[in-house]
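So this block is run04.tsv, TSV, C-alpha atoms and all ligand atoms:
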```
chain	number	residue	atom	x	y	z
D	1	MET	CA	-136.93	-23.36	-179.51
D	2	ILE	CA	-136.87	-19.82	-180.76
D	3	PHE	CA	-139.69	-18.70	-183.04
D	4	ALA	CA	-139.07	-15.37	-184.74
D	5	ALA	CA	-141.51	-13.66	-187.10
D	6	ASN	CA	-140.06	-11.23	-189.62
D	7	PHE	CA	-142.93	-9.20	-191.06
D	8	LYS	CA	-140.65	-7.40	-193.56
D	9	THR	CA	-142.75	-4.66	-195.24
D	10	ASN	CA	-146.07	-6.20	-194.25
D	11	HIS	CA	-148.66	-5.29	-191.63
D	12	THR	CA	-149.59	-1.90	-190.23
D	13	ARG	CA	-149.36	-0.62	-186.69
D	14	ALA	CA	-153.01	-1.53	-186.11
D	15	SER	CA	-152.72	-5.02	-187.56
D	16	THR	CA	-149.47	-5.65	-185.67
D	17	LEU	CA	-151.21	-4.80	-182.39
D	18	ALA	CA	-154.09	-7.12	-183.17
D	19	TYR	CA	-151.65	-9.85	-184.18
D	20	LEU	CA	-149.65	-9.49	-180.99
D	21	GLU	CA	-152.70	-9.66	-178.80
D	22	GLN	CA	-153.80	-12.88	-180.44
D	23	LEU	CA	-150.34	-14.39	-180.43
D	24	GLU	CA	-149.92	-13.72	-176.72
D	25	GLN	CA	-153.25	-15.31	-175.94
D	26	LYS	CA	-152.48	-18.41	-177.93
D	27	ILE	CA	-149.00	-18.97	-176.53
D	28	ALA	CA	-149.82	-17.94	-172.97
D	29	ASN	CA	-149.18	-21.46	-171.67
D	30	ASN	CA	-146.02	-22.01	-173.62
D	31	LYS	CA	-143.14	-21.54	-171.20
D	32	ASN	CA	-140.60	-23.56	-173.14
D	33	ASP	CA	-140.09	-21.49	-176.26
D	34	LYS	CA	-138.91	-17.95	-176.98
D	35	PHE	CA	-140.78	-15.63	-179.31
D	36	TYR	CA	-139.68	-12.63	-181.32
D	37	LEU	CA	-141.63	-10.31	-183.57
D	38	PHE	CA	-139.99	-7.95	-186.07
D	39	PRO	CA	-142.70	-5.61	-187.37
D	40	PRO	CA	-142.03	-2.72	-189.77
D	41	SER	CA	-140.52	0.33	-188.03
D	42	THR	CA	-143.84	2.20	-188.04
D	43	ALA	CA	-145.27	-0.54	-185.83
D	44	ILE	CA	-142.59	-0.86	-183.16
D	45	LEU	CA	-144.04	-0.46	-179.70
D	46	SER	CA	-143.12	-0.44	-176.03
D	47	HIS	CA	-144.08	-3.83	-174.89
D	48	ASN	CA	-143.48	-6.15	-172.01
D	49	SER	CA	-144.53	-9.75	-172.54
D	50	ASN	CA	-143.09	-13.09	-173.57
D	51	VAL	CA	-142.94	-11.82	-177.15
D	52	THR	CA	-139.84	-9.71	-177.70
D	53	ILE	CA	-140.34	-6.91	-180.18
D	54	GLY	CA	-137.33	-6.18	-182.33
D	55	VAL	CA	-136.55	-3.87	-185.20
D	56	GLN	CA	-135.71	-5.08	-188.71
D	57	ASN	CA	-133.11	-2.39	-189.22
D	58	ALA	CA	-131.74	0.85	-187.80
D	59	TYR	CA	-128.94	3.25	-188.55
D	60	PRO	CA	-125.78	2.96	-186.43
D	61	ALA	CA	-126.06	6.39	-184.82
D	62	ARG	CA	-127.91	7.89	-181.87
D	63	ASN	CA	-129.48	10.53	-184.17
D	64	GLY	CA	-128.35	12.86	-186.94
D	65	ALA	CA	-128.67	13.66	-190.64
D	66	PHE	CA	-129.56	10.23	-192.04
D	67	THR	CA	-132.67	10.83	-194.09
D	68	GLY	CA	-135.14	7.97	-194.02
D	69	GLU	CA	-133.41	6.11	-191.20
D	70	ILE	CA	-134.12	5.63	-187.53
D	71	GLY	CA	-131.41	5.52	-184.88
D	72	LEU	CA	-130.84	4.67	-181.27
D	73	GLU	CA	-132.86	7.58	-179.92
D	74	GLN	CA	-135.98	6.46	-181.77
D	75	LEU	CA	-135.54	2.86	-180.61
D	76	GLU	CA	-135.01	3.90	-177.01
D	77	GLU	CA	-138.34	5.68	-177.00
D	78	PHE	CA	-139.98	2.28	-177.42
D	79	GLY	CA	-137.54	0.30	-175.29
D	80	ILE	CA	-136.42	-1.70	-178.32
D	81	LYS	CA	-133.25	-3.67	-177.54
D	82	THR	CA	-133.30	-6.31	-180.27
D	83	ILE	CA	-132.29	-5.90	-183.90
D	84	LEU	CA	-131.93	-7.96	-187.08
D	85	ILE	CA	-128.66	-7.25	-188.85
D	86	GLY	CA	-127.39	-8.56	-192.19
D	87	HIS	CA	-130.65	-9.82	-193.67
D	88	SER	CA	-130.05	-10.78	-197.30
D	89	GLU	CA	-132.76	-8.38	-198.46
D	90	ARG	CA	-130.77	-5.52	-196.94
D	91	ARG	CA	-127.52	-6.86	-198.33
D	92	GLN	CA	-128.96	-7.30	-201.83
D	93	LEU	CA	-131.80	-4.81	-202.33
D	94	LEU	CA	-130.51	-2.05	-200.06
D	95	LYS	CA	-126.86	-2.65	-201.03
D	96	GLU	CA	-125.53	-2.91	-197.51
D	97	SER	CA	-121.89	-3.94	-197.78
D	98	ASP	CA	-120.05	-6.25	-195.40
D	99	GLU	CA	-118.37	-3.13	-193.99
D	100	ASP	CA	-121.72	-1.36	-193.44
D	101	ILE	CA	-123.03	-4.44	-191.70
D	102	ALA	CA	-119.96	-4.88	-189.50
D	103	LYS	CA	-120.19	-1.21	-188.51
D	104	LYS	CA	-123.86	-1.60	-187.64
D	105	PHE	CA	-123.11	-4.75	-185.67
D	106	THR	CA	-120.39	-3.06	-183.64
D	107	PHE	CA	-122.55	-0.03	-182.90
D	108	PHE	CA	-125.51	-2.04	-181.61
D	109	LYS	CA	-123.22	-4.40	-179.72
D	110	GLU	CA	-121.72	-1.41	-177.96
D	111	HIS	CA	-125.25	-0.45	-176.96
D	112	ASP	CA	-125.99	-3.93	-175.60
D	113	PHE	CA	-128.59	-4.87	-178.17
D	114	GLU	CA	-129.57	-8.46	-178.70
D	115	ILE	CA	-128.50	-9.04	-182.29
D	116	ILE	CA	-129.95	-11.59	-184.66
D	117	TYR	CA	-127.24	-11.70	-187.26
D	118	CYS	CA	-128.34	-13.13	-190.62
D	119	ILE	CA	-126.09	-14.92	-193.06
D	120	GLY	CA	-126.83	-16.93	-196.19
D	121	GLU	CA	-125.47	-17.90	-199.57
D	122	PRO	CA	-126.85	-17.31	-203.07
D	123	LEU	CA	-127.73	-20.25	-205.31
D	124	GLU	CA	-124.52	-20.14	-207.37
D	125	ILE	CA	-122.54	-20.70	-204.17
D	126	ARG	CA	-124.80	-23.51	-202.97
D	127	GLU	CA	-124.37	-25.23	-206.32
D	128	GLN	CA	-120.62	-25.44	-205.71
D	129	GLY	CA	-121.08	-27.69	-202.69
D	130	ASP	CA	-120.77	-27.67	-198.92
D	131	ASN	CA	-117.16	-26.50	-198.60
D	132	VAL	CA	-117.71	-23.46	-200.80
D	133	VAL	CA	-120.90	-22.66	-198.88
D	134	ILE	CA	-119.13	-22.78	-195.53
D	135	ASP	CA	-116.24	-20.64	-196.78
D	136	TYR	CA	-118.75	-18.10	-198.07
D	137	LEU	CA	-120.70	-18.04	-194.79
D	138	ALA	CA	-117.48	-17.82	-192.75
D	139	GLY	CA	-116.66	-14.72	-194.82
D	140	GLN	CA	-119.87	-13.12	-193.55
D	141	PHE	CA	-118.44	-13.28	-190.02
D	142	THR	CA	-115.62	-10.93	-190.98
D	143	GLY	CA	-115.66	-7.94	-188.64
D	144	ILE	CA	-118.39	-9.57	-186.51
D	145	ASP	CA	-117.70	-10.44	-182.88
D	146	THR	CA	-118.98	-14.02	-182.79
D	147	ASN	CA	-118.35	-14.17	-179.05
D	148	TYR	CA	-120.78	-11.35	-178.33
D	149	LYS	CA	-122.98	-12.45	-175.45
D	150	ASN	CA	-126.28	-11.24	-176.93
D	151	LEU	CA	-125.87	-12.85	-180.30
D	152	ILE	CA	-128.17	-15.20	-182.19
D	153	ILE	CA	-127.25	-16.35	-185.70
D	154	ALA	CA	-129.84	-16.92	-188.43
D	155	TYR	CA	-128.80	-19.03	-191.40
D	156	GLU	CA	-131.04	-18.09	-194.32
D	157	PRO	CA	-130.00	-19.43	-197.72
D	158	ILE	CA	-131.01	-16.67	-200.13
D	159	TRP	CA	-132.45	-19.09	-202.67
D	160	ALA	CA	-134.80	-20.48	-200.02
D	161	ILE	CA	-136.25	-17.14	-198.93
D	162	GLY	CA	-139.78	-16.53	-200.13
D	163	THR	CA	-139.50	-19.25	-202.76
D	164	GLY	CA	-141.57	-21.95	-201.07
D	165	LYS	CA	-138.53	-24.22	-201.38
D	166	SER	CA	-136.64	-24.59	-198.13
D	167	ALA	CA	-133.16	-26.08	-197.91
D	168	THR	CA	-133.23	-29.86	-197.55
D	169	ASP	CA	-132.85	-31.44	-194.12
D	170	LEU	CA	-129.40	-32.63	-195.12
D	171	GLU	CA	-128.32	-29.18	-196.30
D	172	ILE	CA	-129.56	-27.65	-193.05
D	173	ALA	CA	-127.93	-30.36	-190.93
D	174	THR	CA	-124.56	-30.07	-192.67
D	175	THR	CA	-124.52	-26.29	-192.71
D	176	HIS	CA	-125.68	-25.86	-189.12
D	177	LYS	CA	-123.10	-28.32	-187.87
D	178	ALA	CA	-120.32	-26.41	-189.62
D	179	LEU	CA	-121.69	-23.05	-188.44
D	180	LYS	CA	-121.85	-24.22	-184.82
D	181	ALA	CA	-118.18	-25.10	-185.06
D	182	LEU	CA	-117.49	-21.51	-186.15
D	183	CYS	CA	-119.81	-19.86	-183.66
D	184	SER	CA	-121.44	-21.58	-180.71
D	185	LYS	CA	-124.40	-19.19	-180.41
D	186	PRO	CA	-128.08	-20.10	-180.82
D	187	LEU	CA	-128.61	-20.81	-184.51
D	188	LEU	CA	-131.88	-20.29	-186.37
D	189	TYR	CA	-132.84	-21.53	-189.80
D	190	GLY	CA	-134.85	-19.31	-192.13
D	191	GLY	CA	-136.12	-19.72	-195.68
D	192	SER	CA	-139.58	-21.03	-196.61
D	193	VAL	CA	-140.28	-22.47	-193.18
D	194	ASN	CA	-143.95	-23.53	-193.06
D	195	THR	CA	-146.32	-25.80	-191.19
D	196	ALA	CA	-145.45	-28.72	-193.48
D	197	ASN	CA	-141.68	-28.63	-192.86
D	198	ILE	CA	-141.40	-27.13	-189.35
D	199	LYS	CA	-141.43	-30.46	-187.52
D	200	ASP	CA	-138.59	-31.87	-189.60
D	201	ILE	CA	-136.55	-28.67	-189.51
D	202	THR	CA	-136.79	-28.22	-185.76
D	203	SER	CA	-135.79	-31.87	-185.26
D	204	ILE	CA	-132.45	-31.36	-187.00
D	205	PRO	CA	-129.47	-31.20	-184.61
D	206	ASN	CA	-128.04	-27.69	-184.13
D	207	VAL	CA	-131.29	-26.00	-185.13
D	208	ASP	CA	-132.25	-23.84	-182.15
D	209	GLY	CA	-135.19	-22.15	-183.81
D	210	VAL	CA	-136.57	-20.55	-186.94
D	211	LEU	CA	-136.84	-17.11	-188.51
D	212	VAL	CA	-140.07	-17.04	-190.47
D	213	GLY	CA	-141.28	-14.61	-193.12
D	214	SER	CA	-144.38	-15.44	-195.18
D	215	ALA	CA	-145.68	-18.18	-192.88
D	216	SER	CA	-145.64	-15.80	-189.91
D	217	LEU	CA	-147.87	-13.13	-191.45
D	218	ASP	CA	-151.10	-14.81	-190.43
D	219	VAL	CA	-151.19	-15.26	-186.68
D	220	ASN	CA	-153.14	-18.52	-186.81
D	221	ASN	CA	-150.65	-19.93	-189.26
D	222	PHE	CA	-147.71	-18.88	-187.10
D	223	VAL	CA	-149.32	-20.40	-184.01
D	224	SER	CA	-150.02	-23.64	-185.84
D	225	LEU	CA	-146.39	-23.69	-186.93
D	226	ILE	CA	-145.30	-23.29	-183.30
D	227	ASN	CA	-147.68	-26.01	-182.15
D	228	THR	CA	-146.64	-28.38	-184.91
D	229	ALA	CA	-143.01	-28.06	-183.88
D	230	ARG	CA	-143.74	-29.15	-180.33
D	301	LIG	P1	-139.77	-16.67	-195.88
D	301	LIG	O1	-140.16	-17.43	-194.64
D	301	LIG	O2	-140.89	-15.92	-196.49
D	301	LIG	O3	-139.03	-17.55	-196.85
D	301	LIG	O4	-138.72	-15.54	-195.40
D	301	LIG	C1	-137.65	-15.92	-194.63
D	301	LIG	C2	-136.96	-14.72	-194.14
D	301	LIG	O5	-136.35	-13.99	-194.90
D	301	LIG	C3	-137.06	-14.40	-192.71
D	301	LIG	O6	-136.17	-13.39	-192.36
```
Just give me the structure of the file as structure tokens.
Ligand code: 13P
Amino acid sequence: MIFAANFKTNHTRASTLAYLEQLEQKIANNKNDKFYLFPPSTAILSHNSNVTIGVQNAYPARNGAFTGEIGLEQLEEFGIKTILIGHSERRQLLKESDEDIAKKFTFFKEHDFEIIYCIGEPLEIREQGDNVVIDYLAGQFTGIDTNYKNLIIAYEPIWAIGTGKSATDLEIATTHKALKALCSKPLLYGGSVNTANIKDITSIPNVDGVLVGSASLDVNNFVSLINTAR
């Protein structure tokens, strides 16, 4: 299983370091799972352990006049080779268009990054049923090379993110099955994953791991989530 923690705009550099140290200690004997941590950009660090550090976002350029952004040069300084692309918060709050996202994807693919590509539907699409959901999600693959070797997909229904209400097991099962038919890469579920639902979610066929927000912020909680899944 893949366990990925997305800190979003939480934690500092100091608290990320302390978190990482504790996480590594607690999962030291776990050789079966893969772990990722996406701290805020101020907390990215050169790091070599069984926890891969990735960046939540970056600009698709080596460097240049892109105020407020970081590019390839800044990531290289820390040996960062993993990136989240297409998170719904960037699509919605930061107004990243499908074209922006496809451009970003292509740039980081060309630089051999491991890409966790996020897709997910809003509630009004979910309410129209499975076929509409799948069509919508398939649309989010436009301009994306789904055969890219270093690709992981994260399915995160927007209405389930940060709401405390995850998708149902049936919704996850149906959607993941259809997504696997479109793209045979590792497929994560994200959206209100917690210690109470992790066991069920990770037991669903075609779920290869989870991308966790709120429930990852406390290291003990994240570790108990990992241990509960096993
Ligand atoms: P929550 O786990 O807080 O719902 O966030 C999910 C998410 O957006 C991870 O990228």
Distance atom CA of Trp159 of chain D-atom O2 of ligand LIG 301 (chain D), one decimal place? 10.9 Å
Distance filter 6 Å around ligand LIG 301 (chain D), atoms: all atoms listed in the file, out as a VMD selection string: chain D and resid 6 161 to 162 190 to 193 211 to 215
Now that the selection is made, can you save its residues with C-alpha atoms as an mmCIF file, keeping the file's coordinate frame?
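Dumped to out-v9.cif:
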```cif
data_model
loop_
_atom_site.group_PDB
_atom_site.id
_atom_site.type_symbol
_atom_site.label_atom_id
_atom_site.label_comp_id
_atom_site.auth_asym_id
_atom_site.auth_seq_id
_atom_site.Cartn_x
_atom_site.Cartn_y
_atom_site.Cartn_z
ATOM 1 C CA ASN D 6 -140.060 -11.230 -189.620
ATOM 2 C CA ILE D 161 -136.250 -17.140 -198.930
ATOM 3 C CA GLY D 162 -139.780 -16.530 -200.130
ATOM 4 C CA GLY D 190 -134.850 -19.310 -192.130
ATOM 5 C CA GLY D 191 -136.120 -19.720 -195.680
ATOM 6 C CA SER D 192 -139.580 -21.030 -196.610
ATOM 7 C CA VAL D 193 -140.280 -22.470 -193.180
ATOM 8 C CA LEU D 211 -136.840 -17.110 -188.510
ATOM 9 C CA VAL D 212 -140.070 -17.040 -190.470
ATOM 10 C CA GLY D 213 -141.280 -14.610 -193.120
ATOM 11 C CA SER D 214 -144.380 -15.440 -195.180
ATOM 12 C CA ALA D 215 -145.680 -18.180 -192.880
#
```
Using only C-alpha atoms, collect all residues at a distance of at most 6 Å from (-118.7, -20.8, -189.7) as written in the file, then present them as a list in words. Ala138, Ala178, Leu179 and Leu182 of chain D
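By chain and then residue number, the residues within 9 Å of segment 220-230 of chain D are Met1, Phe3, Ala5, Gln22, Leu23, Lys26, Ile27, Asp33, Val193, Asn194, Thr195, Ala196, Ile198, Lys199, Asp200, Ile201, Thr202, Ser203, Val212, Ala215 and Ser216 of chain D, counting all atoms listed in the file and disregarding those fewer than 4 positions away in sequence.
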Which residues are near Gln92 of chain D? Cut-off 12 Å, all atoms listed in the file, ignore same chain within fewer than 2 positions. Put them as a compact mmCIF listing (two decimals) with C-alpha atoms, in the coordinates of the input.
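Saved as selection_11.txt:
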```
# COMPACT_ATOMS: atom_id res chain seq x y z
CA GLY D 86 -127.39 -8.56 -192.19
CA HIS D 87 -130.65 -9.82 -193.67
CA SER D 88 -130.05 -10.78 -197.30
CA GLU D 89 -132.76 -8.38 -198.46
CA ARG D 90 -130.77 -5.52 -196.94
CA LEU D 94 -130.51 -2.05 -200.06
CA LYS D 95 -126.86 -2.65 -201.03
CA GLU D 96 -125.53 -2.91 -197.51
CA SER D 97 -121.89 -3.94 -197.78
CA ASP D 98 -120.05 -6.25 -195.40
CA ILE D 119 -126.09 -14.92 -193.06
CA GLY D 120 -126.83 -16.93 -196.19
CA GLU D 121 -125.47 -17.90 -199.57
CA PRO D 122 -126.85 -17.31 -203.07
CA ILE D 158 -131.01 -16.67 -200.13
```
With 3 Å of padding per side, what axis-aligned box (centre and edge lengths, Å, one decimal) covers all the listed atoms of segment 16-32 of chain D? Give it as JSON.
```
{"center_x": -147.3, "center_y": -14.2, "center_z": -178.4, "size_x": 19.5, "size_y": 24.8, "size_z": 20.5}
```
Which distance in Å separates atom CA of Leu151 of chain D and atom CA of Ile115 of chain D, to one decimal?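 Straight-line distance from atom CA of Leu151 of chain D to atom CA of Ile115 of chain D works out to 5.0 Å.
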Go through D:Asp169, D:Glu110, D:Asp218, D:Glu76 and flag the residue nearest Asn206 of chain D, using only C-alpha atoms for the distances.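 Of D:Asp169, D:Glu110, D:Asp218, D:Glu76, the one nearest Asn206 of chain D is D:Asp169, counting only C-alpha atoms.
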Could you give me, as a PyMOL selection string, the residues that sit within 9 Å of (-134.3, 2.0, -181.0) in the file's coordinates, counting all atoms listed in the file? chain D and resi 54-55+58+62+70-83
For the atom pair atom CA of His176 of chain D and atom CA of Val132 of chain D, what is the interatomic distance in Å to one decimal place?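 Atom-to-atom, atom CA of His176 of chain D and atom CA of Val132 of chain D are spaced 14.3 Å apart.
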Long-range neighbours of Cys118 of chain D as a VMD selection string, 7 Å cut-off, only C-alpha atoms, 4 positions minimum in chain: chain D and resid 85 to 87 153 to 156
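With distances restricted to all atoms listed in the file, D:Asn50 is the closest residue to Asn29 of chain D from D:Asn50, D:Tyr136, D:Lys149, D:Val219.
The nearest approach to Gly209 of chain D among the residues D:Ala160, D:Lys180, D:Phe66, D:Ile152, with only C-alpha atoms taken into account, belongs to D:Ile152.
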From the list D:Ala181, D:Thr67, D:Asp208, D:Leu37, which residue is nearest Glu24 of chain D when using only C-alpha atoms?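 Ranking D:Ala181, D:Thr67, D:Asp208, D:Leu37 by distance to Glu24 of chain D, first place goes to D:Leu37.
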Return segment 124-142 of chain D, completed with N, CA, C and O atoms, as an mmCIF file, in the frame of the given file.
```cif
data_model
loop_
_atom_site.group_PDB
_atom_site.id
_atom_site.type_symbol
_atom_site.label_atom_id
_atom_site.label_comp_id
_atom_site.auth_asym_id
_atom_site.auth_seq_id
_atom_site.Cartn_x
_atom_site.Cartn_y
_atom_site.Cartn_z
ATOM 1 N N GLU D 124 -125.743 -19.729 -206.640
ATOM 2 C CA GLU D 124 -124.520 -20.140 -207.370
ATOM 3 C C GLU D 124 -123.437 -20.634 -206.412
ATOM 4 O O GLU D 124 -122.591 -21.438 -206.793
ATOM 5 N N ILE D 125 -123.490 -20.190 -205.169
ATOM 6 C CA ILE D 125 -122.540 -20.700 -204.170
ATOM 7 C C ILE D 125 -122.991 -22.081 -203.697
ATOM 8 O O ILE D 125 -122.204 -23.014 -203.633
ATOM 9 N N ARG D 126 -124.270 -22.208 -203.407
ATOM 10 C CA ARG D 126 -124.800 -23.510 -202.970
ATOM 11 C C ARG D 126 -124.498 -24.600 -203.997
ATOM 12 O O ARG D 126 -124.164 -25.729 -203.650
ATOM 13 N N GLU D 127 -124.585 -24.234 -205.256
ATOM 14 C CA GLU D 127 -124.370 -25.230 -206.320
ATOM 15 C C GLU D 127 -122.931 -25.729 -206.387
ATOM 16 O O GLU D 127 -122.639 -26.742 -207.004
ATOM 17 N N GLN D 128 -122.031 -25.006 -205.708
ATOM 18 C CA GLN D 128 -120.620 -25.440 -205.710
ATOM 19 C C GLN D 128 -120.285 -26.377 -204.550
ATOM 20 O O GLN D 128 -119.138 -26.760 -204.364
ATOM 21 N N GLY D 129 -121.299 -26.688 -203.727
ATOM 22 C CA GLY D 129 -121.080 -27.690 -202.690
ATOM 23 C C GLY D 129 -120.807 -27.127 -201.301
ATOM 24 O O GLY D 129 -120.579 -25.931 -201.132
ATOM 25 N N ASP D 130 -120.819 -28.053 -200.338
ATOM 26 C CA ASP D 130 -120.770 -27.670 -198.920
ATOM 27 C C ASP D 130 -119.544 -26.829 -198.532
ATOM 28 O O ASP D 130 -119.666 -25.864 -197.790
ATOM 29 N N ASN D 131 -118.368 -27.218 -199.029
ATOM 30 C CA ASN D 131 -117.160 -26.500 -198.600
ATOM 31 C C ASN D 131 -117.178 -25.053 -199.054
ATOM 32 O O ASN D 131 -116.790 -24.150 -198.298
ATOM 33 N N VAL D 132 -117.638 -24.833 -200.275
ATOM 34 C CA VAL D 132 -117.710 -23.460 -200.800
ATOM 35 C C VAL D 132 -118.755 -22.661 -200.008
ATOM 36 O O VAL D 132 -118.551 -21.490 -199.682
ATOM 37 N N VAL D 133 -119.856 -23.326 -199.677
ATOM 38 C CA VAL D 133 -120.900 -22.660 -198.880
ATOM 39 C C VAL D 133 -120.335 -22.221 -197.531
ATOM 40 O O VAL D 133 -120.493 -21.061 -197.123
ATOM 41 N N ILE D 134 -119.643 -23.118 -196.861
ATOM 42 C CA ILE D 134 -119.130 -22.780 -195.530
ATOM 43 C C ILE D 134 -118.083 -21.665 -195.600
ATOM 44 O O ILE D 134 -118.083 -20.747 -194.780
ATOM 45 N N ASP D 135 -117.229 -21.724 -196.616
ATOM 46 C CA ASP D 135 -116.240 -20.640 -196.780
ATOM 47 C C ASP D 135 -116.952 -19.307 -196.973
ATOM 48 O O ASP D 135 -116.562 -18.288 -196.412
ATOM 49 N N TYR D 136 -117.998 -19.327 -197.780
ATOM 50 C CA TYR D 136 -118.750 -18.100 -198.070
ATOM 51 C C TYR D 136 -119.396 -17.569 -196.777
ATOM 52 O O TYR D 136 -119.313 -16.383 -196.463
ATOM 53 N N LEU D 137 -120.018 -18.459 -196.024
ATOM 54 C CA LEU D 137 -120.700 -18.040 -194.790
ATOM 55 C C LEU D 137 -119.677 -17.562 -193.760
ATOM 56 O O LEU D 137 -119.918 -16.575 -193.052
ATOM 57 N N ALA D 138 -118.539 -18.238 -193.694
ATOM 58 C CA ALA D 138 -117.480 -17.820 -192.750
ATOM 59 C C ALA D 138 -117.050 -16.392 -193.092
ATOM 60 O O ALA D 138 -116.774 -15.587 -192.194
ATOM 61 N N GLY D 139 -117.028 -16.074 -194.386
ATOM 62 C CA GLY D 139 -116.660 -14.720 -194.820
ATOM 63 C C GLY D 139 -117.630 -13.670 -194.283
ATOM 64 O O GLY D 139 -117.246 -12.516 -194.054
ATOM 65 N N GLN D 140 -118.876 -14.075 -194.068
ATOM 66 C CA GLN D 140 -119.870 -13.120 -193.550
ATOM 67 C C GLN D 140 -119.694 -12.850 -192.057
ATOM 68 O O GLN D 140 -120.370 -11.993 -191.501
ATOM 69 N N PHE D 141 -118.767 -13.569 -191.429
ATOM 70 C CA PHE D 141 -118.440 -13.280 -190.020
ATOM 71 C C PHE D 141 -117.274 -12.293 -189.899
ATOM 72 O O PHE D 141 -116.907 -11.923 -188.788
ATOM 73 N N THR D 142 -116.733 -11.875 -191.023
ATOM 74 C CA THR D 142 -115.620 -10.930 -190.980
ATOM 75 C C THR D 142 -116.069 -9.623 -190.328
ATOM 76 O O THR D 142 -117.081 -9.044 -190.737
#
```
